[in-house]
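Data from data_36.txt: compact mmCIF, C-alpha atoms and all ligand atoms
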# COMPACT_ATOMS: atom_id res chain seq x y z
CA MET A 10 64.20 -55.62 -40.85
CA MET A 11 63.57 -54.94 -37.15
CA GLN A 12 66.67 -52.79 -36.99
CA LYS A 13 65.50 -50.77 -40.00
CA ILE A 14 62.05 -50.33 -38.49
CA ASN A 15 63.55 -49.29 -35.14
CA GLU A 16 65.87 -46.77 -36.79
CA ALA A 17 63.03 -45.21 -38.78
CA VAL A 18 60.82 -45.10 -35.66
CA ALA A 19 63.60 -43.57 -33.54
CA PHE A 20 64.24 -40.88 -36.18
CA ILE A 21 60.54 -39.99 -36.39
CA LYS A 22 60.18 -39.87 -32.59
CA GLU A 23 63.05 -37.38 -32.43
CA GLN A 24 61.08 -35.12 -34.79
CA TYR A 25 57.65 -35.62 -33.27
CA SER A 26 56.95 -37.05 -29.84
CA ASN A 27 53.14 -37.62 -29.78
CA LYS A 28 51.98 -41.18 -30.26
CA PRO A 29 49.55 -41.50 -33.20
CA ALA A 30 46.49 -43.67 -32.54
CA VAL A 31 45.38 -44.03 -36.15
CA GLY A 32 47.36 -44.55 -39.35
CA ILE A 33 45.87 -43.50 -42.66
CA VAL A 34 47.00 -44.50 -46.15
CA LEU A 35 45.63 -42.32 -48.93
CA GLY A 36 45.07 -43.60 -52.44
CA SER A 37 45.59 -42.03 -55.86
CA GLY A 38 43.73 -38.73 -56.17
CA LEU A 39 42.69 -38.91 -52.51
CA GLY A 40 45.54 -36.93 -50.98
CA SER A 41 43.66 -33.72 -50.20
CA PHE A 42 42.11 -35.55 -47.24
CA THR A 43 45.20 -34.40 -45.41
CA GLY A 44 43.72 -30.87 -45.53
CA GLU A 45 41.38 -32.04 -42.76
CA ILE A 46 44.25 -32.75 -40.39
CA ALA A 47 45.36 -30.06 -37.94
CA VAL A 48 48.96 -30.63 -38.94
CA GLU A 49 51.62 -30.68 -36.23
CA LYS A 50 54.51 -32.14 -38.19
CA GLU A 51 55.31 -33.22 -41.73
CA ILE A 52 58.25 -35.47 -42.49
CA PRO A 53 59.20 -36.14 -46.11
CA TYR A 54 59.82 -39.80 -46.85
CA SER A 55 63.22 -38.87 -48.24
CA ALA A 56 64.34 -37.77 -44.74
CA ILE A 57 63.38 -40.99 -42.94
CA PRO A 58 66.02 -43.74 -42.70
CA HIS A 59 65.21 -46.78 -44.89
CA PHE A 60 61.99 -45.26 -46.26
CA PRO A 61 61.47 -45.79 -49.97
CA VAL A 62 60.68 -42.64 -51.97
CA SER A 63 57.36 -42.31 -53.82
CA THR A 64 57.48 -41.49 -57.53
CA VAL A 65 53.97 -41.86 -58.92
CA GLU A 66 51.89 -38.88 -60.04
CA GLY A 67 49.25 -37.86 -57.48
CA HIS A 68 51.41 -38.79 -54.48
CA SER A 69 53.47 -36.21 -52.66
CA GLY A 70 55.53 -38.47 -50.41
CA LYS A 71 55.44 -37.50 -46.75
CA LEU A 72 54.17 -38.55 -43.35
CA ILE A 73 51.73 -36.05 -41.89
CA PHE A 74 51.21 -36.00 -38.12
CA GLY A 75 48.43 -34.10 -36.41
CA GLN A 76 44.93 -34.07 -34.91
CA LEU A 77 41.76 -35.28 -36.57
CA GLY A 78 38.43 -36.16 -34.96
CA GLY A 79 40.00 -35.66 -31.54
CA LYS A 80 42.73 -38.24 -32.20
CA ASN A 81 46.42 -38.15 -32.95
CA VAL A 82 46.79 -39.45 -36.48
CA VAL A 83 49.56 -40.13 -38.95
CA ALA A 84 48.74 -40.06 -42.65
CA MET A 85 50.84 -41.32 -45.49
CA ALA A 86 50.53 -38.83 -48.33
CA GLY A 87 51.74 -41.17 -51.04
CA ARG A 88 52.20 -44.92 -50.85
CA PHE A 89 54.57 -47.38 -52.44
CA HIS A 90 53.33 -49.64 -55.19
CA TYR A 91 54.84 -52.89 -56.34
CA TYR A 92 54.55 -51.72 -59.97
CA GLU A 93 56.97 -48.88 -59.24
CA GLY A 94 59.66 -51.50 -58.79
CA TYR A 95 59.78 -51.65 -55.00
CA ASP A 96 60.00 -55.08 -53.48
CA THR A 97 57.20 -56.09 -51.15
CA SER A 98 59.19 -55.31 -48.00
CA ALA A 99 59.51 -51.70 -49.18
CA VAL A 100 55.80 -51.53 -50.01
CA VAL A 101 54.86 -52.51 -46.45
CA PHE A 102 57.72 -50.79 -44.61
CA PRO A 103 55.71 -47.66 -43.70
CA ILE A 104 52.87 -49.79 -42.34
CA ARG A 105 55.32 -51.53 -40.04
CA VAL A 106 56.83 -48.23 -38.99
CA MET A 107 53.40 -46.77 -38.19
CA LYS A 108 52.58 -49.83 -36.08
CA PHE A 109 55.77 -49.33 -34.06
CA LEU A 110 54.98 -45.64 -33.72
CA GLY A 111 51.95 -46.88 -31.81
CA ILE A 112 48.94 -46.84 -34.14
CA GLU A 113 46.04 -49.01 -33.02
CA THR A 114 43.94 -48.84 -36.20
CA LEU A 115 44.82 -48.57 -39.89
CA LEU A 116 42.54 -46.85 -42.42
CA VAL A 117 43.29 -47.41 -46.10
CA SER A 118 41.84 -45.85 -49.23
CA ASN A 119 42.42 -46.57 -52.89
CA ALA A 120 41.20 -45.94 -56.40
CA ALA A 121 39.91 -49.13 -57.99
CA GLY A 122 38.29 -50.42 -61.13
CA GLY A 123 34.78 -51.83 -60.86
CA THR A 124 33.98 -55.28 -62.25
CA LYS A 125 30.20 -55.06 -61.97
CA LYS A 126 28.17 -53.67 -64.87
CA ASP A 127 25.60 -51.94 -62.69
CA TRP A 128 28.17 -50.07 -60.60
CA HIS A 129 29.15 -46.49 -61.39
CA VAL A 130 32.22 -44.32 -61.46
CA GLY A 131 32.34 -42.49 -58.13
CA ASP A 132 30.78 -45.30 -56.09
CA LEU A 133 32.37 -45.89 -52.70
CA MET A 134 33.01 -49.51 -51.74
CA ILE A 135 33.71 -50.84 -48.27
CA ILE A 136 36.31 -53.56 -48.73
CA LYS A 137 34.89 -56.54 -46.87
CA ASP A 138 37.51 -59.00 -48.11
CA HIS A 139 40.26 -59.32 -50.68
CA VAL A 140 41.96 -61.66 -53.12
CA SER A 141 45.71 -61.19 -53.06
CA PHE A 142 46.86 -64.21 -55.12
CA PHE A 143 47.85 -62.06 -58.09
CA THR A 144 50.54 -60.17 -56.17
CA PRO A 145 53.56 -61.44 -54.23
CA ASN A 146 52.80 -61.93 -50.55
CA PRO A 147 54.92 -59.54 -48.43
CA LEU A 148 55.39 -62.21 -45.74
CA VAL A 149 57.28 -64.59 -48.04
CA GLY A 150 60.73 -65.27 -46.59
CA LYS A 151 61.91 -65.95 -43.07
CA ASN A 152 59.16 -64.93 -40.66
CA ILE A 153 59.94 -61.95 -38.46
CA ASP A 154 58.60 -63.26 -35.15
CA ALA A 155 58.77 -59.80 -33.58
CA LEU A 156 56.13 -58.69 -36.12
CA GLY A 157 53.74 -61.63 -36.03
CA PRO A 158 53.16 -65.35 -36.61
CA ARG A 159 54.44 -67.46 -39.52
CA PHE A 160 50.91 -68.32 -40.69
CA PRO A 161 48.58 -65.41 -39.95
CA ASP A 162 44.84 -66.00 -39.89
CA MET A 163 43.08 -63.99 -42.61
CA SER A 164 39.45 -64.75 -41.76
CA GLU A 165 38.68 -61.11 -40.93
CA PRO A 166 41.32 -58.88 -42.53
CA TYR A 167 38.85 -55.98 -42.56
CA LYS A 168 37.36 -55.60 -39.09
CA LYS A 169 33.64 -56.20 -39.02
CA ALA A 170 33.20 -53.82 -36.08
CA LEU A 171 34.77 -50.98 -38.11
CA ILE A 172 32.65 -51.85 -41.17
CA ASP A 173 29.50 -51.70 -39.00
CA LYS A 174 30.50 -48.30 -37.64
CA VAL A 175 31.00 -46.98 -41.18
CA LYS A 176 27.66 -48.32 -42.37
CA ALA A 177 25.93 -46.48 -39.53
CA ILE A 178 27.84 -43.27 -40.28
CA ALA A 179 26.92 -43.44 -43.98
CA ALA A 180 23.27 -44.29 -43.32
CA LYS A 181 22.88 -41.30 -41.02
CA GLN A 182 24.23 -39.01 -43.75
CA ASN A 183 22.43 -40.75 -46.65
CA ILE A 184 25.71 -41.70 -48.27
CA ALA A 185 25.24 -44.77 -50.48
CA LEU A 186 27.94 -47.39 -50.05
CA ARG A 187 28.83 -50.56 -51.90
CA GLU A 188 30.45 -53.43 -50.07
CA GLY A 189 32.62 -55.91 -51.87
CA VAL A 190 35.75 -57.89 -52.55
CA TYR A 191 38.90 -56.10 -53.73
CA CYS A 192 41.29 -57.99 -55.98
CA GLY A 193 44.91 -56.87 -55.73
CA VAL A 194 46.93 -56.98 -58.94
CA THR A 195 50.44 -55.81 -59.73
CA GLY A 196 49.60 -53.43 -62.58
CA PRO A 197 50.82 -51.18 -64.09
CA THR A 198 48.59 -52.20 -67.00
CA PHE A 199 44.89 -51.76 -66.43
CA GLU A 200 43.12 -55.06 -66.95
CA THR A 201 42.07 -56.51 -70.28
CA ARG A 202 38.38 -57.19 -70.84
CA ALA A 203 39.05 -60.87 -70.20
CA GLU A 204 40.82 -60.06 -66.94
CA TYR A 205 38.01 -57.85 -65.61
CA GLN A 206 35.62 -60.66 -66.57
CA LEU A 207 37.73 -63.25 -64.74
CA LEU A 208 37.98 -61.13 -61.60
CA SER A 209 34.22 -60.66 -61.63
CA LEU A 210 33.70 -64.43 -62.00
CA ILE A 211 35.90 -65.28 -59.03
CA GLY A 212 33.92 -62.95 -56.80
CA GLY A 213 35.84 -59.71 -57.21
CA ASP A 214 33.90 -56.46 -57.21
CA ALA A 215 36.86 -54.10 -57.57
CA VAL A 216 40.46 -54.35 -58.73
CA GLY A 217 43.45 -52.22 -57.90
CA MET A 218 47.21 -52.04 -57.69
CA SER A 219 47.65 -51.39 -53.96
CA THR A 220 46.25 -52.19 -50.51
CA VAL A 221 46.43 -56.01 -50.26
CA GLN A 222 50.11 -56.18 -49.37
CA GLU A 223 49.73 -53.35 -46.83
CA VAL A 224 46.73 -55.07 -45.27
CA ILE A 225 48.54 -58.41 -45.07
CA ALA A 226 51.42 -56.71 -43.23
CA ALA A 227 48.95 -54.99 -40.89
CA VAL A 228 47.03 -58.19 -40.12
CA HIS A 229 50.35 -59.99 -39.52
CA MET A 230 51.01 -57.45 -36.73
CA GLY A 231 47.48 -57.75 -35.33
CA LEU A 232 46.48 -54.27 -36.49
CA PRO A 233 42.72 -53.74 -37.12
CA VAL A 234 42.08 -52.44 -40.65
CA PHE A 235 39.29 -50.56 -42.38
CA ALA A 236 39.60 -49.96 -46.12
CA MET A 237 37.54 -48.25 -48.76
CA SER A 238 37.78 -48.10 -52.57
CA VAL A 239 36.61 -45.30 -54.80
CA ILE A 240 35.42 -46.90 -58.02
CA THR A 241 37.15 -44.77 -60.65
CA ASP A 242 36.36 -46.78 -63.78
CA ILE A 243 34.12 -49.67 -64.80
CA GLY A 244 36.30 -52.17 -66.57
CA ILE A 245 33.57 -54.63 -67.35
CA ARG A 246 31.51 -52.44 -69.72
CA ASP A 247 30.76 -53.91 -73.15
CA GLU A 248 31.04 -50.69 -75.10
CA GLU A 249 34.20 -48.91 -76.24
CA ASN A 250 36.12 -48.60 -73.02
CA THR A 251 39.55 -47.17 -72.48
CA ILE A 252 40.87 -46.16 -69.08
CA THR A 253 43.45 -43.46 -68.39
CA HIS A 254 45.28 -42.55 -65.20
CA ASP A 255 43.92 -38.99 -65.52
CA GLU A 256 40.34 -40.28 -65.47
CA VAL A 257 41.13 -42.37 -62.42
CA LEU A 258 42.57 -39.35 -60.58
CA GLN A 259 39.61 -37.14 -61.54
CA ALA A 260 37.01 -39.70 -60.43
CA ALA A 261 38.83 -40.15 -57.12
CA LYS A 262 38.91 -36.39 -56.59
CA ASP A 263 35.17 -36.09 -57.26
CA ALA A 264 34.33 -38.79 -54.72
CA GLU A 265 36.82 -37.58 -52.15
CA PRO A 266 34.51 -35.39 -50.00
CA LYS A 267 32.28 -38.37 -49.14
CA LEU A 268 35.26 -40.56 -48.31
CA THR A 269 36.77 -37.79 -46.23
CA TYR A 270 33.57 -37.41 -44.24
CA ILE A 271 33.41 -41.14 -43.53
CA PHE A 272 37.06 -41.43 -42.46
CA LYS A 273 36.75 -38.36 -40.25
CA GLU A 274 33.63 -39.64 -38.50
CA LEU A 275 35.10 -43.11 -38.10
CA ILE A 276 38.22 -41.69 -36.49
CA ALA A 277 36.08 -39.61 -34.13
CA GLN A 278 34.22 -42.77 -33.07
CA LEU A 279 37.26 -44.94 -32.47
N1 LIG A 301 42.44 -51.63 -62.48
C1 LIG A 301 43.48 -51.66 -61.64
N2 LIG A 301 43.79 -50.65 -60.86
C2 LIG A 301 43.01 -49.57 -60.89
C3 LIG A 301 41.91 -49.48 -61.73
C4 LIG A 301 41.61 -50.58 -62.58
O1 LIG A 301 40.65 -50.56 -63.37
N3 LIG A 301 41.35 -48.27 -61.52
C5 LIG A 301 42.08 -47.66 -60.57
N4 LIG A 301 43.11 -48.44 -60.18
Let me see the structure of the file written as structure tokens.
Ligand code: HPA
Amino acid sequence: MMQKINEAVAFIKEQYSNKPAVGIVLGSGLGSFTGEIAVEKEIPYSAIPHFPVSTVEGHSGKLIFGQLGGKNVVAMAGRFHYYEGYDTSAVVFPIRVMKFLGIETLLVSNAAGGTKKDWHVGDLMIIKDHVSFFTPNPLVGKNIDALGPRFPDMSEPYKKALIDKVKAIAAKQNIALREGVYCGVTGPTFETRAEYQLLSLIGGDAVGMSTVQEVIAAVHMGLPVFAMSVITDIGIRDEENTITHDEVLQAAKDAEPKLTYIFKELIAQL
């Protein structure tokens, strides 16, 4: 694994020599955020040694390097989901590569289903904690000591200091934010009514098919994380309620300007 990471990092450094300070992972329908970056270099995943290749609709599959909010950033346009058939080490590989490129903070976004009846499509939720039991843990297997400890502490996977900064940014701009617990699931099925109900009962506010494995890998390496969900559907409703991927993408797109503003301001304040 370390050799693969080192080879990917060495290849990228040959293409682009600036050290990024912030890594950004963009969720489904949230890719146009990259329009905010003063792009200096784009590298397609397919060119990078050992990188998996993204297939899902709404993801274009490249690393974007450039300036945003006065910082050097690297954004993943397109992420790797377990439901696509990648094993967990592939899902988290880019996170590990970004860490060894030098990032000091990781920002993550995703589209998620809401499990609370009084929440609305388009709500933005700060992820304050997560439940990852429903997906395989990416650290299963021999521990890679060069990455982090065998038994990482998970008491603050989402950095409180970053959450506080975002709350202040949103308050100043009158952007309403939810704060809640994200439940990671494998997908690709959306949840049944009973499953949304269960997730709500165990303390979940949102559910999605990404993020938790990436965050576990980041925390393992001691990387501070901030993550935000766009609520793209409310699974818990009583009435007739189907969910389509197109609706999820549309809802994410509609909420994107607010999320973009928050990420931009947060990066400027880091
Ligand atoms: N469930 C799981 N993943 C999702 C959902 C959902 O309702 N919406 C967007 N991603």
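The interatomic distance for the pair atom CA of A:Ile240 and atom C5 of ligand LIG 301 (chain A) works out to 7.2 Å.
Of the residues listed (A:Phe102, A:Phe143, A:Tyr54, A:Phe235), A:Phe143 shows the shortest atom-to-atom separation from ligand LIG 301 (chain A); distances use all atoms listed in the file.
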Exercise on ligand LIG 301 (chain A), axis-aligned box with 4 Å per side, report centre and edge lengths in Å to one decimal, as lines of an AutoDock Vina configuration file:
center_x = 42.2
center_y = -49.7
center_z = -61.8
size_x = 11.1
size_y = 12.0
size_z = 11.2
Dump as a Markdown table the rows for residues of chain A within 7 Å of ligand LIG 301 (chain A): closest atom pair and distance in Å with one decimal, only C-alpha atoms and all ligand atoms counted, ordered by chain and rising residue number.
| residue | atom | partner | partner_atom | distance |
| --- | --- | --- | --- | --- |
| A:Ala120 | CA | A:LIG301 | C5 | 4.6 |
| A:Ala121 | CA | A:LIG301 | C5 | 3.7 |
| A:Gly122 | CA | A:LIG301 | O1 | 3.3 |
| A:Gly123 | CA | A:LIG301 | O1 | 6.5 |
| A:Val194 | CA | A:LIG301 | C1 | 6.9 |
| A:Gly196 | CA | A:LIG301 | C1 | 6.4 |
| A:Phe199 | CA | A:LIG301 | N1 | 4.6 |
| A:Glu200 | CA | A:LIG301 | N1 | 5.7 |
| A:Val216 | CA | A:LIG301 | C1 | 5.0 |
| A:Gly217 | CA | A:LIG301 | N2 | 3.4 |
| A:Met218 | CA | A:LIG301 | N2 | 4.9 |
| A:Thr241 | CA | A:LIG301 | N3 | 5.5 |
| A:Asp242 | CA | A:LIG301 | N3 | 5.7 |
| A:Ile243 | CA | A:LIG301 | O1 | 6.7 |
| A:Gly244 | CA | A:LIG301 | O1 | 5.6 |
| A:Val257 | CA | A:LIG301 | C5 | 5.7 |
### Task
Kindly indicate which residue among A:Ala264, A:Val48, A:Met230, A:Met237 lies nearest to A:Ala155, using all atoms listed in the file for the distances.
A:Met230
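Interatomic distance, atom CA of A:Lys174 to atom CA of A:Asp127: 25.8 Å.
Using all atoms listed in the file, the smallest distance between any of A:Lys181, A:Arg105, A:His254, A:Lys137 and A:Gly231 comes from A:Arg105.
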### Query
Which residue, A:Val34, A:Ile252, A:Met107, A:Leu72, has the smallest gap to A:Ala236 when you use only C-alpha atoms?
A:Val34
### Message
I'd like the interatomic distance between atom CA of A:Asn27 and atom CA of A:Gln76, to a tenth of an Å.
### Response
10.3 Å
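Each of A:Ser238, A:Thr114, A:Pro147, A:Glu93 was checked against A:Thr198 using all atoms listed in the file; the smallest atom-to-atom distance is that of A:Glu93.
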### Task
Might you pull out every residue within 10 Å of A:Asn15, with only C-alpha atoms counted and same-chain residues fewer than 2 positions away left off, and present them as an NGL selection string?
:A and (10-13 or 17-21 or 58 or 105-106 or 109-110)
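Considering the residues A:Ala260, A:Leu275, A:Val31, A:Val234 and counting only C-alpha atoms, A:Glu165 has its shortest atom-to-atom contact with A:Val234.
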### Message
Could you list, as a VMD selection string, every residue within 12 Å of A:Gly189, counting all atoms listed in the file and ignoring same-chain residues fewer than 3 positions away?
### Response
chain A and resid 121 123 to 125 128 132 to 140 167 172 186 192 209 212 to 216 236 to 240
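Distance cut-off 8 Å, centre (24.5, -49.3, -47.8), atoms counted all atoms listed in the file; the residues meeting this are Lys176, Ala179, Ala180, Ile184, Ala185, Leu186, Arg187 and Glu188 of chain A.
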Counting all atoms listed in the file, what is within 8 Å of A:Ala277, bar same-chain residues fewer than 6 positions away, as a PDB file with C-alpha atoms, in the coordinates of the input?
ATOM      1  CA  LEU A  77      41.760 -35.280 -36.570  1.00  0.00           C
ATOM      2  CA  GLY A  78      38.430 -36.160 -34.960  1.00  0.00           C
ATOM      3  CA  GLY A  79      40.000 -35.660 -31.540  1.00  0.00           C
ATOM      4  CA  LYS A  80      42.730 -38.240 -32.200  1.00  0.00           C
TER       5      LYS A  80
END
### Message
Neighbouring residues of A:Gln222 were defined as those with any atom within 8 Å, considering all atoms listed in the file; residues of the same chain fewer than 4 positions away were excluded. Please report them as a ChimeraX atom specification.
### Response
/A:97,100-101,141,144-147,226
Would you mind completing stretch 214-225 of chain A so that it carries all heavy atoms, and writing it out as a PDB file, keeping the file's coordinate frame?
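And here is the file that came out, selection_10.pdb:
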ATOM      1  N   ASP A 214      34.758 -57.590 -56.856  1.00  0.00           N
ATOM      2  CA  ASP A 214      33.900 -56.460 -57.210  1.00  0.00           C
ATOM      3  C   ASP A 214      34.730 -55.266 -57.653  1.00  0.00           C
ATOM      4  O   ASP A 214      34.241 -54.367 -58.333  1.00  0.00           O
ATOM      5  CB  ASP A 214      33.063 -56.046 -55.990  1.00  0.00           C
ATOM      6  CG  ASP A 214      32.194 -57.192 -55.512  1.00  0.00           C
ATOM      7  OD1 ASP A 214      31.262 -57.557 -56.252  1.00  0.00           O
ATOM      8  OD2 ASP A 214      32.466 -57.731 -54.424  1.00  0.00           O
ATOM      9  N   ALA A 215      35.984 -55.229 -57.241  1.00  0.00           N
ATOM     10  CA  ALA A 215      36.860 -54.100 -57.570  1.00  0.00           C
ATOM     11  C   ALA A 215      38.274 -54.646 -57.733  1.00  0.00           C
ATOM     12  O   ALA A 215      38.617 -55.698 -57.185  1.00  0.00           O
ATOM     13  CB  ALA A 215      36.819 -53.057 -56.454  1.00  0.00           C
ATOM     14  N   VAL A 216      39.071 -53.917 -58.498  1.00  0.00           N
ATOM     15  CA  VAL A 216      40.460 -54.350 -58.730  1.00  0.00           C
ATOM     16  C   VAL A 216      41.366 -53.128 -58.666  1.00  0.00           C
ATOM     17  O   VAL A 216      41.026 -52.059 -59.147  1.00  0.00           O
ATOM     18  CB  VAL A 216      40.595 -55.081 -60.090  1.00  0.00           C
ATOM     19  CG1 VAL A 216      39.981 -54.294 -61.236  1.00  0.00           C
ATOM     20  CG2 VAL A 216      42.058 -55.403 -60.397  1.00  0.00           C
ATOM     21  N   GLY A 217      42.512 -53.330 -58.023  1.00  0.00           N
ATOM     22  CA  GLY A 217      43.450 -52.220 -57.900  1.00  0.00           C
ATOM     23  C   GLY A 217      44.862 -52.699 -57.656  1.00  0.00           C
ATOM     24  O   GLY A 217      45.113 -53.890 -57.455  1.00  0.00           O
ATOM     25  N   MET A 218      45.775 -51.729 -57.691  1.00  0.00           N
ATOM     26  CA  MET A 218      47.210 -52.040 -57.690  1.00  0.00           C
ATOM     27  C   MET A 218      47.873 -51.765 -56.335  1.00  0.00           C
ATOM     28  O   MET A 218      49.081 -51.572 -56.262  1.00  0.00           O
ATOM     29  CB  MET A 218      47.911 -51.234 -58.779  1.00  0.00           C
ATOM     30  CG  MET A 218      47.292 -51.389 -60.158  1.00  0.00           C
ATOM     31  SD  MET A 218      48.053 -50.304 -61.356  1.00  0.00           S
ATOM     32  CE  MET A 218      46.853 -50.373 -62.705  1.00  0.00           C
ATOM     33  N   SER A 219      47.079 -51.716 -55.277  1.00  0.00           N
ATOM     34  CA  SER A 219      47.650 -51.390 -53.960  1.00  0.00           C
ATOM     35  C   SER A 219      46.971 -52.230 -52.887  1.00  0.00           C
ATOM     36  O   SER A 219      46.355 -53.239 -53.171  1.00  0.00           O
ATOM     37  CB  SER A 219      47.475 -49.890 -53.673  1.00  0.00           C
ATOM     38  OG  SER A 219      46.094 -49.593 -53.517  1.00  0.00           O
ATOM     39  N   THR A 220      47.089 -51.778 -51.665  1.00  0.00           N
ATOM     40  CA  THR A 220      46.250 -52.190 -50.510  1.00  0.00           C
ATOM     41  C   THR A 220      46.492 -53.604 -49.977  1.00  0.00           C
ATOM     42  O   THR A 220      46.714 -53.771 -48.774  1.00  0.00           O
ATOM     43  CB  THR A 220      44.742 -51.996 -50.825  1.00  0.00           C
ATOM     44  OG1 THR A 220      44.545 -50.623 -51.161  1.00  0.00           O
ATOM     45  CG2 THR A 220      43.848 -52.387 -49.668  1.00  0.00           C
ATOM     46  N   VAL A 221      46.434 -54.655 -50.845  1.00  0.00           N
ATOM     47  CA  VAL A 221      46.430 -56.010 -50.260  1.00  0.00           C
ATOM     48  C   VAL A 221      47.729 -56.321 -49.517  1.00  0.00           C
ATOM     49  O   VAL A 221      47.695 -56.956 -48.454  1.00  0.00           O
ATOM     50  CB  VAL A 221      46.104 -57.102 -51.308  1.00  0.00           C
ATOM     51  CG1 VAL A 221      44.669 -56.979 -51.778  1.00  0.00           C
ATOM     52  CG2 VAL A 221      47.056 -57.094 -52.483  1.00  0.00           C
ATOM     53  N   GLN A 222      48.852 -55.878 -50.051  1.00  0.00           N
ATOM     54  CA  GLN A 222      50.110 -56.180 -49.370  1.00  0.00           C
ATOM     55  C   GLN A 222      50.192 -55.411 -48.041  1.00  0.00           C
ATOM     56  O   GLN A 222      50.643 -55.952 -47.026  1.00  0.00           O
ATOM     57  CB  GLN A 222      51.293 -55.833 -50.278  1.00  0.00           C
ATOM     58  CG  GLN A 222      51.344 -56.764 -51.504  1.00  0.00           C
ATOM     59  CD  GLN A 222      52.309 -56.295 -52.568  1.00  0.00           C
ATOM     60  OE1 GLN A 222      52.525 -55.092 -52.745  1.00  0.00           O
ATOM     61  NE2 GLN A 222      52.880 -57.240 -53.301  1.00  0.00           N
ATOM     62  N   GLU A 223      49.733 -54.154 -48.065  1.00  0.00           N
ATOM     63  CA  GLU A 223      49.730 -53.350 -46.830  1.00  0.00           C
ATOM     64  C   GLU A 223      48.830 -53.989 -45.777  1.00  0.00           C
ATOM     65  O   GLU A 223      49.184 -54.050 -44.586  1.00  0.00           O
ATOM     66  CB  GLU A 223      49.231 -51.926 -47.143  1.00  0.00           C
ATOM     67  CG  GLU A 223      50.142 -51.159 -48.088  1.00  0.00           C
ATOM     68  CD  GLU A 223      49.427 -50.058 -48.866  1.00  0.00           C
ATOM     69  OE1 GLU A 223      48.177 -50.029 -48.901  1.00  0.00           O
ATOM     70  OE2 GLU A 223      50.124 -49.220 -49.458  1.00  0.00           O
ATOM     71  N   VAL A 224      47.678 -54.477 -46.217  1.00  0.00           N
ATOM     72  CA  VAL A 224      46.730 -55.070 -45.270  1.00  0.00           C
ATOM     73  C   VAL A 224      47.279 -56.383 -44.711  1.00  0.00           C
ATOM     74  O   VAL A 224      47.138 -56.664 -43.514  1.00  0.00           O
ATOM     75  CB  VAL A 224      45.345 -55.257 -45.938  1.00  0.00           C
ATOM     76  CG1 VAL A 224      44.406 -56.075 -45.056  1.00  0.00           C
ATOM     77  CG2 VAL A 224      44.731 -53.893 -46.244  1.00  0.00           C
ATOM     78  N   ILE A 225      47.929 -57.168 -45.552  1.00  0.00           N
ATOM     79  CA  ILE A 225      48.540 -58.410 -45.070  1.00  0.00           C
ATOM     80  C   ILE A 225      49.576 -58.090 -43.978  1.00  0.00           C
ATOM     81  O   ILE A 225      49.603 -58.725 -42.917  1.00  0.00           O
ATOM     82  CB  ILE A 225      49.176 -59.207 -46.239  1.00  0.00           C
ATOM     83  CG1 ILE A 225      48.080 -59.829 -47.106  1.00  0.00           C
ATOM     84  CG2 ILE A 225      50.128 -60.288 -45.707  1.00  0.00           C
ATOM     85  CD1 ILE A 225      48.580 -60.413 -48.424  1.00  0.00           C
TER      86      ILE A 225
END
